[in-house]
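See below for coords_2.txt, which holds compact mmCIF, C-alpha atoms and all ligand atoms.
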```txt
# COMPACT_ATOMS: atom_id res chain seq x y z
CA MET P 14 0.70 -7.90 -11.85
CA ASN P 15 3.13 -5.05 -11.60
CA ASP P 16 0.60 -3.14 -9.69
CA ARG P 17 1.87 -1.65 -6.49
CA GLN P 18 -1.44 -0.77 -4.98
CA PRO P 19 -2.56 -2.29 -1.72
CA ARG P 20 -5.26 -4.24 -3.44
CA ALA P 21 -2.63 -5.79 -5.65
CA ALA P 22 -1.31 -7.85 -2.76
CA HIS P 23 -4.20 -10.11 -3.35
CA ALA P 24 -3.56 -10.34 -7.07
CA ILE P 25 0.10 -11.05 -6.39
CA ALA P 26 -0.84 -13.83 -4.00
CA CYS P 27 -3.05 -15.37 -6.69
CA ASP P 28 -0.72 -14.96 -9.61
CA PRO P 29 1.07 -18.20 -10.59
CA SER P 30 3.84 -16.14 -12.21
CA THR P 31 4.71 -14.43 -8.93
CA PRO P 32 8.29 -15.33 -7.98
CA LEU P 33 8.58 -17.69 -5.03
CA GLN P 34 10.61 -15.22 -2.98
CA VAL P 35 7.85 -12.67 -3.37
CA LEU P 36 5.30 -15.17 -2.13
CA VAL P 37 7.54 -15.97 0.82
CA ASP P 38 7.88 -12.29 1.72
CA LEU P 39 4.19 -11.71 1.25
CA ALA P 40 3.31 -14.68 3.43
CA ALA P 41 5.50 -13.26 6.17
CA GLN P 42 3.70 -9.93 5.98
CA ARG P 43 0.17 -10.88 5.17
CA TRP P 44 -1.21 -13.72 7.21
CA ASP P 45 -4.65 -12.97 5.90
CA LEU P 46 -3.44 -14.04 2.46
CA HIS P 47 -2.08 -17.42 3.57
CA GLY P 48 -4.96 -19.34 2.05
CA ILE P 49 -4.47 -17.75 -1.32
CA ILE P 50 -0.70 -18.04 -1.26
CA ALA P 51 -0.85 -21.71 -0.30
CA ALA P 52 -3.21 -22.36 -3.21
CA ASN P 53 -0.88 -20.66 -5.66
CA PRO P 54 0.86 -23.26 -7.86
CA ALA P 55 4.05 -21.22 -7.52
CA ALA P 56 4.17 -21.79 -3.77
CA SER P 57 6.86 -24.27 -2.82
CA PRO P 58 6.11 -27.25 -0.59
CA GLU P 59 8.31 -25.63 2.07
CA LEU P 60 6.28 -22.45 1.96
CA ILE P 61 3.00 -24.34 2.13
CA ARG P 62 4.31 -26.37 5.04
CA TRP P 63 5.31 -23.18 6.79
CA ILE P 64 1.89 -21.66 6.23
CA ARG P 65 0.18 -24.80 7.46
CA GLY P 66 2.47 -24.78 10.44
CA VAL P 67 1.69 -21.25 11.50
CA ASN P 68 -1.89 -21.29 10.33
CA PRO P 69 -3.06 -24.81 11.01
CA THR P 70 -6.80 -24.29 10.65
CA LEU P 71 -6.44 -22.93 7.17
CA SER P 72 -8.02 -24.99 4.46
CA THR P 73 -5.78 -24.42 1.49
CA GLY P 74 -7.10 -27.02 -0.85
CA ARG P 75 -3.59 -28.05 -1.67
CA ALA P 76 -1.35 -30.33 0.26
CA PRO P 77 2.31 -29.47 0.54
CA GLY P 78 4.12 -31.42 -2.10
CA HIS P 79 1.01 -33.55 -2.35
CA GLN P 80 1.89 -35.11 0.92
CA PRO P 81 -0.80 -36.17 3.27
CA ALA P 82 -1.40 -33.07 5.23
CA PRO P 83 -1.60 -31.38 7.89
CA SER P 84 -1.15 -32.67 11.32
CA ALA P 85 -3.96 -34.50 13.01
CA ALA P 86 -3.62 -32.10 15.87
CA GLY P 87 -4.30 -29.21 13.57
CA ARG P 88 -7.40 -30.83 12.21
CA ALA P 89 -8.71 -32.02 15.49
CA LEU P 90 -8.42 -28.60 16.99
CA ALA P 91 -9.75 -26.69 14.06
CA PRO P 92 -13.42 -27.13 14.85
CA ALA P 93 -12.84 -25.96 18.37
CA ALA P 94 -11.38 -22.82 16.91
CA ALA P 95 -14.38 -21.98 14.86
CA PRO P 96 -16.42 -20.08 17.39
CA HIS P 97 -13.52 -17.71 18.03
CA VAL P 98 -12.66 -17.18 14.42
CA PRO P 99 -13.82 -13.99 12.79
CA ARG P 100 -13.79 -14.70 9.10
CA ARG P 101 -12.91 -12.06 6.67
CA SER P 102 -14.10 -11.82 3.15
CA ARG P 103 -11.43 -9.34 2.27
CA GLY P 104 -8.32 -7.63 3.48
CA VAL P 105 -7.35 -4.00 3.29
CA GLY P 106 -9.06 -2.34 0.40
CA GLY P 107 -10.73 -5.52 -0.65
CA TRP P 108 -7.43 -7.25 -1.13
CA LEU P 109 -9.06 -10.56 -0.72
CA ALA P 110 -12.06 -9.79 -2.80
CA GLY P 111 -12.85 -11.93 -5.75
CA CYS P 112 -9.82 -13.90 -6.68
CA GLY P 113 -10.52 -16.46 -9.34
CA CYS P 114 -7.97 -18.84 -7.99
CA LEU P 115 -9.59 -19.68 -4.73
CA ALA P 116 -12.58 -20.71 -2.87
CA ILE P 117 -10.85 -20.10 0.35
CA VAL P 118 -11.92 -18.20 3.32
CA ALA P 119 -9.04 -16.35 4.79
CA ILE P 120 -8.92 -16.66 8.50
CA VAL P 121 -7.36 -13.97 10.54
CA ALA P 122 -4.21 -15.55 11.75
CA VAL P 123 -4.77 -13.87 15.02
CA VAL P 124 -7.48 -16.12 15.96
CA VAL P 125 -5.77 -19.27 15.06
CA PHE P 126 -3.54 -18.78 18.00
CA ALA P 127 -6.12 -17.67 20.43
CA GLY P 128 -6.02 -19.78 23.50
CA PHE P 129 -4.71 -22.99 22.09
CA GLY P 130 -2.10 -21.70 19.70
CA ALA P 131 0.69 -22.50 22.02
CA LEU P 132 -0.42 -26.08 22.23
CA LEU P 133 -0.37 -26.48 18.48
CA PHE P 134 3.01 -24.94 18.29
CA SER P 135 4.67 -26.94 20.94
CA GLY P 136 3.42 -30.19 19.45
CA GLY P 137 3.64 -29.43 15.76
CA ASP P 138 6.34 -30.70 13.47
CA GLU P 139 5.41 -28.36 10.68
CA THR P 140 5.90 -25.04 12.28
CA GLY P 141 8.80 -24.12 10.04
CA GLY P 142 10.17 -20.65 10.56
CA LEU P 143 8.07 -19.90 13.56
CA SER P 144 8.98 -22.98 15.47
CA SER P 145 8.31 -23.93 19.01
CA ALA P 146 6.52 -21.11 20.61
CA ALA P 147 6.54 -22.60 24.01
CA THR P 148 4.15 -20.62 26.07
CA PRO P 149 2.43 -23.27 27.89
CA ASP P 150 0.19 -22.32 30.68
CA ALA P 151 -1.27 -18.91 30.48
CA ALA P 152 -3.97 -18.56 33.04
CA PRO P 153 -7.44 -19.04 31.64
CA THR P 154 -8.46 -15.55 32.67
CA ALA P 155 -5.53 -14.02 30.83
CA ASP P 156 -6.41 -16.05 27.77
CA SER P 157 -9.90 -14.79 27.73
CA GLU P 158 -8.74 -11.19 28.08
CA ILE P 159 -6.34 -11.74 25.18
CA ASP P 160 -9.17 -13.29 23.18
CA THR P 161 -11.29 -10.24 23.89
CA GLN P 162 -8.56 -7.87 22.77
CA ARG P 163 -7.94 -9.94 19.65
CA ALA P 164 -11.62 -9.79 18.82
CA LEU P 165 -11.56 -6.00 19.28
CA TYR P 166 -8.51 -5.83 17.05
CA ALA P 167 -10.21 -7.96 14.39
CA ASP P 168 -13.22 -5.66 14.57
CA GLU P 169 -11.11 -2.58 14.00
CA ARG P 170 -9.24 -4.34 11.25
CA ALA P 171 -12.48 -5.12 9.46
CA LYS P 172 -13.50 -1.47 9.68
CA ILE P 173 -10.10 -0.43 8.34
CA ASP P 174 -10.56 -2.79 5.41
CA GLU P 175 -13.94 -1.28 4.73
CA LEU P 176 -12.58 2.27 4.84
CA SER P 177 -9.70 1.28 2.59
CA LEU P 178 -12.12 0.57 -0.22
CA GLU P 179 -12.32 4.35 -0.56
CA PHE P 180 -8.82 4.55 -1.97
CA GLU P 181 -8.11 1.12 -3.33
CA GLU P 182 -7.84 2.42 -6.89
CA SER P 183 -5.92 5.51 -5.91
CA PRO P 184 -2.26 6.00 -6.81
CA VAL P 185 -1.73 7.58 -3.41
CA ALA P 186 -3.16 4.71 -1.35
CA TRP P 187 0.18 3.94 0.29
CA LEU P 188 0.46 7.55 1.46
CA VAL P 189 -2.96 7.76 3.09
CA ALA P 190 -1.87 5.80 6.13
CA ASP P 191 1.09 3.75 7.26
CA PHE P 192 -0.03 0.29 6.21
CA GLU P 193 3.42 -1.13 6.61
CA TRP P 194 3.08 -0.36 10.31
CA LEU P 195 -0.38 -1.87 10.34
CA PHE P 196 0.86 -5.13 8.80
CA ARG P 197 3.49 -5.36 11.51
CA GLN P 198 0.71 -4.93 14.04
CA ASP P 199 -1.13 -7.80 12.35
CA GLU P 200 1.88 -9.98 12.97
CA LYS P 201 2.19 -8.91 16.57
CA ILE P 202 -1.42 -9.67 17.43
CA ALA P 203 -0.93 -13.13 15.94
CA ASP P 204 2.03 -13.83 18.19
CA PRO P 205 1.32 -16.97 20.19
CA ASN P 206 3.28 -15.48 23.08
CA LEU P 207 1.15 -12.38 23.14
CA LEU P 208 0.89 -10.74 26.52
CA GLU P 209 -2.31 -9.31 27.84
CA TYR P 210 -0.93 -5.81 28.06
CA THR P 211 0.39 -5.97 24.49
CA ALA P 212 -2.95 -7.22 23.24
CA GLN P 213 -4.66 -4.27 24.87
CA THR P 214 -2.17 -1.85 23.38
CA LEU P 215 -2.52 -3.36 19.90
CA ALA P 216 -6.30 -3.18 20.03
CA ALA P 217 -6.18 0.43 21.22
CA GLN P 218 -3.71 1.35 18.49
CA ALA P 219 -5.89 -0.30 15.84
CA LYS P 220 -8.77 1.84 17.08
CA THR P 221 -6.66 5.00 16.78
CA PHE P 222 -5.53 3.97 13.30
CA ARG P 223 -9.14 3.40 12.26
CA GLU P 224 -10.24 6.75 13.66
CA GLY P 225 -7.47 8.53 11.76
CA LEU P 226 -8.48 6.76 8.60
CA GLU P 227 -12.09 7.81 9.12
CA VAL P 228 -10.99 11.44 9.24
CA SER P 229 -8.91 11.04 6.07
CA VAL P 230 -11.78 9.42 4.24
CA ALA P 231 -14.28 12.07 5.34
CA GLU P 232 -11.90 14.82 4.25
CA ALA P 233 -11.34 13.12 0.92
CA GLN P 234 -15.04 12.74 0.30
CA ALA P 235 -15.51 16.45 0.93
CA ARG P 236 -12.53 17.37 -1.22
CA ARG P 237 -13.59 15.47 -4.33
CA VAL P 238 -15.80 18.36 -5.27
CA ASN P 239 -13.90 21.08 -7.11
CA THR P 240 -14.59 24.07 -4.90
CA SER P 241 -12.25 26.55 -6.56
CA GLY P 242 -13.34 25.91 -10.14
CA LEU P 243 -9.66 25.96 -11.10
CA VAL P 244 -8.18 23.56 -13.62
CA THR P 245 -5.33 22.62 -11.29
CA GLU P 246 -7.79 21.61 -8.61
CA SER P 247 -9.74 19.45 -11.01
CA ILE P 248 -6.53 17.69 -12.08
CA VAL P 249 -5.54 17.06 -8.45
CA ASP P 250 -9.02 15.92 -7.43
CA THR P 251 -9.14 13.47 -10.30
CA ALA P 252 -5.63 12.17 -9.64
CA GLY P 253 -5.98 11.72 -5.90
CA LYS P 254 -9.68 10.93 -5.61
CA GLY P 255 -9.90 13.57 -2.92
CA PHE P 256 -6.99 12.24 -0.87
CA LEU P 257 -4.72 14.93 -2.33
CA ASP P 258 -5.04 18.58 -1.50
CA VAL P 259 -3.87 21.54 -3.54
CA GLN P 260 -2.89 24.94 -2.16
CA TRP P 261 -1.84 27.93 -4.23
CA ASP P 262 0.78 29.03 -1.73
CA ALA P 263 4.01 27.97 -3.39
CA ALA P 264 5.47 31.42 -2.79
CA THR P 265 5.57 30.77 0.94
CA ALA P 266 5.40 26.97 1.20
CA CYS P 267 8.17 26.07 -1.24
CA THR P 268 11.89 26.65 -1.14
CA ALA P 269 12.93 29.28 -3.64
CA ASP P 270 14.75 28.18 -6.80
CA ASP P 271 18.31 29.40 -6.58
CA ARG P 272 18.79 29.60 -10.32
CA GLU P 273 18.81 33.15 -11.57
CA ASP P 274 15.68 34.14 -13.47
CA TRP P 275 13.90 31.03 -12.26
CA ARG P 276 11.22 30.81 -9.68
CA THR P 277 9.63 27.88 -7.95
CA THR P 278 6.24 27.20 -9.43
CA GLY P 279 5.24 24.33 -7.18
CA CYS P 280 6.37 21.72 -4.67
CA ILE P 281 5.35 19.08 -2.22
CA THR P 282 7.00 19.45 1.15
CA LYS P 283 9.00 16.85 3.00
CA GLU P 284 6.42 16.70 5.78
CA ASP P 285 3.28 16.33 3.72
CA SER P 286 3.21 14.18 0.61
CA LEU P 287 -0.50 14.66 0.10
CA THR P 288 -0.59 18.41 -0.52
CA VAL P 289 0.51 19.96 -3.79
CA HIS P 290 1.62 23.59 -3.46
CA LEU P 291 1.39 25.77 -6.58
CA LEU P 292 1.70 29.40 -7.51
CA PRO P 293 -1.70 30.92 -8.25
CA GLU P 294 -2.96 30.12 -11.71
CA SER P 295 -3.47 33.82 -12.39
CA GLU P 296 0.24 34.34 -11.80
CA LEU P 297 1.56 31.28 -13.56
CA GLY P 298 -0.61 31.20 -16.63
CA GLU P 299 -2.47 28.18 -17.91
CA TRP P 300 0.36 26.21 -19.50
CA SER P 301 2.76 26.51 -16.57
CA SER P 302 -0.02 25.76 -14.12
CA LYS P 303 -1.06 22.62 -15.94
CA PHE P 304 2.50 21.47 -16.46
CA THR P 305 3.57 22.20 -12.89
CA VAL P 306 0.65 20.46 -11.24
CA VAL P 307 1.27 17.26 -13.17
CA HIS P 308 5.01 17.49 -12.51
CA GLU P 309 4.27 17.73 -8.79
CA LEU P 310 1.81 14.86 -8.99
CA ALA P 311 4.62 12.76 -10.42
CA HIS P 312 6.56 13.49 -7.23
CA VAL P 313 3.57 12.38 -5.17
CA TYR P 314 3.49 9.08 -7.08
CA GLN P 315 7.23 8.70 -6.61
CA ARG P 316 6.69 8.95 -2.86
CA ALA P 317 3.81 6.51 -3.01
CA ASP P 318 6.12 4.20 -4.92
CA ASN P 319 8.69 4.47 -2.13
CA ALA P 320 6.03 3.95 0.53
CA SER P 321 4.69 0.75 -0.97
CA VAL P 322 5.28 -2.29 1.16
CA PHE P 323 6.13 -4.46 -1.82
CA ASP P 324 9.57 -3.94 -3.18
CA TYR P 325 9.97 -6.29 -6.07
CA ARG P 326 8.28 -4.30 -8.81
CA GLY P 327 9.65 -1.74 -11.23
CA GLU P 328 10.24 1.05 -8.80
CA TYR P 329 11.02 4.45 -10.20
CA ASN P 330 14.40 4.28 -8.51
CA ASP P 331 15.19 1.31 -10.72
CA LEU P 332 14.29 3.35 -13.79
CA LEU P 333 16.58 6.14 -12.64
CA ALA P 334 19.33 3.65 -11.89
CA GLN P 335 19.00 2.35 -15.43
CA GLY P 336 19.88 5.85 -16.58
CA LEU P 337 16.42 6.79 -17.80
CA PHE P 338 15.41 10.45 -17.38
CA GLN P 339 19.10 11.28 -17.01
CA GLY P 340 18.92 9.50 -13.68
CA SER P 341 16.97 12.44 -12.29
CA ALA P 342 13.68 12.32 -10.40
CA GLU P 343 13.02 15.87 -11.61
CA ALA P 344 13.56 15.01 -15.28
CA MET P 345 11.30 12.01 -14.68
CA ALA P 346 8.59 14.27 -13.28
CA ASP P 347 8.98 16.50 -16.34
CA CYS P 348 8.71 13.41 -18.53
CA TYR P 349 5.53 12.36 -16.76
CA ALA P 350 4.02 15.80 -17.46
CA LEU P 351 5.23 15.86 -21.08
CA THR P 352 3.85 12.37 -21.70
CA TYR P 353 0.62 13.23 -19.89
CA TYR P 354 0.02 16.14 -22.27
CA GLY P 355 1.67 14.63 -25.35
CA GLU P 356 4.05 17.58 -25.51
CA TRP P 357 7.60 17.65 -26.90
CA SER P 358 8.76 20.98 -25.58
CA LEU P 359 9.17 22.56 -22.18
CA THR P 360 8.71 25.98 -23.69
CA ASN P 361 5.35 27.53 -24.33
CA GLY P 362 5.29 31.09 -25.60
CA ASP P 363 7.89 32.94 -23.57
CA THR P 364 7.73 30.61 -20.61
CA THR P 365 10.00 27.63 -20.06
CA THR P 366 9.11 25.20 -17.31
CA GLY P 367 10.88 22.23 -15.85
CA TYR P 368 14.44 20.98 -15.72
CA GLY P 369 15.53 21.29 -19.31
CA TYR P 370 15.32 17.72 -20.58
CA VAL P 371 12.68 16.49 -23.02
CA CYS P 372 12.37 12.75 -22.67
CA ASP P 373 12.34 10.41 -25.66
CA GLU P 374 9.93 7.75 -26.89
CA ASN P 375 11.66 4.99 -24.93
CA GLU P 376 11.43 6.93 -21.70
CA ARG P 377 7.80 7.75 -22.36
CA SER P 378 7.07 4.11 -22.78
CA ALA P 379 8.76 3.41 -19.42
CA ILE P 380 6.80 6.16 -17.74
CA ARG P 381 3.53 4.86 -19.13
CA THR P 382 4.25 1.44 -17.67
CA TRP P 383 5.24 2.96 -14.35
CA ALA P 384 2.10 5.12 -14.29
CA SER P 385 -0.05 2.12 -15.07
CA ASN P 386 1.60 0.15 -12.25
CA MET P 387 0.93 3.02 -9.90
CA ASN P 388 -2.65 3.51 -11.07
CA ALA P 389 -1.53 7.04 -11.90
CA PRO P 390 -3.56 8.85 -14.53
CA MET P 391 -2.09 9.18 -17.99
CA GLN P 392 -3.77 10.70 -20.97
ZN ZN U 401 10.02 18.72 -9.12
```
Can you turn what I pasted into C-alpha cells?
Ligand SMILES: [Zn+2]
Amino acid sequence: MNDRQPRAAHAIACDPSTPLQVLVDLAAQRWDLHGIIAANPAASPELIRWIRGVNPTLSTGRAPGHQPAPSAAGRALAPAAAPHVPRRSRGVGGWLAGCGCLAIVAIVAVVVFAGFGALLFSGGDETGGLSSAATPDAAPTADSEIDTQRALYADERAKIDELSLEFEESPVAWLVADFEWLFRQDEKIADPNLLEYTAQTLAAQAKTFREGLEVSVAEAQARRVNTSGLVTESIVDTAGKGFLDVQWDAATACTADDREDWRTTGCITKEDSLTVHLLPESELGEWSSKFTVVHELAHVYQRADNASVFDYRGEYNDLLAQGLFQGSAEAMADCYALTYYGEWSLTNGDTTTGYGYVCDENERSAIRTWASNMNAPMQ
C-alpha cells in the first residue's frame, strides 16, 4: 500500500485503509478509477456523490450513504451511452487489472460526456465539484467530430496502457514518461465543454505520447541484454529492466569533485535521469564500481520518487526531513549502497568511496522500506 508505482494507483483505490483525502485526490486525477474508488468502503458519501455526478453511467455497486441513487436521468441515458463507450479492462500499466474488491468495469470518463454530457450536467443535482457545465447546444456535426477525436484518444490511451505493462514493476516507471501530464490530458478530454479544436489537439498529443513510449519500450527491450559483459551493466539492467542506460563516461559527463584528492566516480545528470554515468570499471576497480553504481541508482530512485504523481507516501524527502541519513540525499544514497551490499564500511583496501557516513540499523530499516515502496532492488 505504500507502493508508489503507477500500478499502485489501482491498489490504493481498492484499499479500505486509504485515507479519504487520498481517495479524493485520486478521484480528481484518475477518472478511470472512479468505479473502484466509489466501491471502496473508505469513500465518503460526498465523494461517491461527486463521482456519480461526474460519471453518471458508472455502476459502482454502492449507493452514496445508502441513499437511493443516482438520478433517473443518469440511468435513463446510460444505455444510450453504451455504443460510444470504449470499456477498459485496465489503466496505465494494468492499474485496473485484477482488483479483488470490484466487479466493476471502469468506463473512460471521456465517453460519459460525449454528446449528451452537457445535458446531464445542466440537469443533475449531484454534480458536486464539477457543477453546472452549461454547454447546451453544440452543433451535431461538432459533436460527432469531438466524439471521433475522443475515440481516437481512447484508442491511443489503450495502447499506452498496453505499453506501460513493460515497466509496471520497474522502480523507474515514473521517469519513463510524464504520466502526470498524461493524467491532466485525461481530465481535459473528459471536459464537457470540450472544443473541437482542443479534442483534435488532445488526440494528436496522445498519439505523440504513445509513439514516444513505443521508442522507449523498444530501446529498453534491446538494452535488457548485457552487451558489455560488465558487472555494472548487469546491475543497471536488472534494476531498470532496460529502461536505464549506463555509460562509462563520468570523466566527461559529470562535474568534477572539488574536494582535494577526490574524484567523481559517477553521476546522473540534471537533464537525463535514466542514464547512469560511471568511470570505467578498469579504472575504478571492482568495489568502487559496484558501490558507485548502486549509489547512483539510489539517486535515480530518488528522482522517480519525486516524479510520482502520488504524494502521500513516505517520500525520501520526508526521511531526510526526519533527520535520517544526516538529512543528506548523498548519505542516503551511500546508505542504500551499504545496505544493498550488507557492508559497514565505505573503505575497501586503500579506496574510500562515498560521503563519509555509515548509516545505522535504524536507517537501514528505513531504506529497506523505502526501497520496497519504490520497487527498488535490495539484496
Ligand atoms: Zn551521489
Inset, instruction - Let me have all residues with an atom within 10 Å of ligand ZN 401 (chain U), counting only C-alpha atoms and all ligand atoms, laid out as a PyMOL selection string. - result: chain P and resi 277-281+305-313+341-347+367-368
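If you look at atom CA of P:Gln213 and atom CA of P:Glu169, they are 12.8 Å away from each other.
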Inset, instruction - Calculate how many Å separate atom CA of P:Trp261 from atom CA of P:Tyr329, rounding to one decimal. - result: 27.4 Å
Find the residues of stretch 181-267 of chain P that sit at most 9 Å from stretch 380-387 of chain P; for each, write down the nearest two atoms and how far apart they are in Å, to one decimal. Count only C-alpha atoms. Sort by chain, then by number going up, and give it as CSV.
```
residue,atom,partner,partner_atom,distance
P:Ser183,CA,P:Met387,CA,8.3
P:Pro184,CA,P:Met387,CA,5.3
P:Val185,CA,P:Met387,CA,8.4
```
Go ahead and fit an axis-aligned box to every listed atom of stretch 194-199 of chain P plus 6 Å each side, and pass me the centre and edge lengths in Å, one decimal, as AutoDock Vina command-line options.
```
--center_x 1.2 --center_y -4.1 --center_z 11.4 --size_x 16.6 --size_y 19.4 --size_z 17.2
```
Legend entry - Who sits within 12 Å of P:Asp258, all atoms listed in the file, same chain under 4 positions skipped, as a ChimeraX atom specification: /P:185,189,229,232-241,245-254,262,281,285-291,306,309-310,313
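The residue that comes closest to P:Cys348, out of P:Phe304, P:Ala212, P:Asn388, P:Cys267 and on the basis of all atoms listed in the file, is P:Phe304.
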Legend entry - Minimum-distance residue to P:Ile202, chosen among P:Asp160, P:Asp174, P:Glu284, P:Glu182 (using all atoms listed in the file): P:Asp160
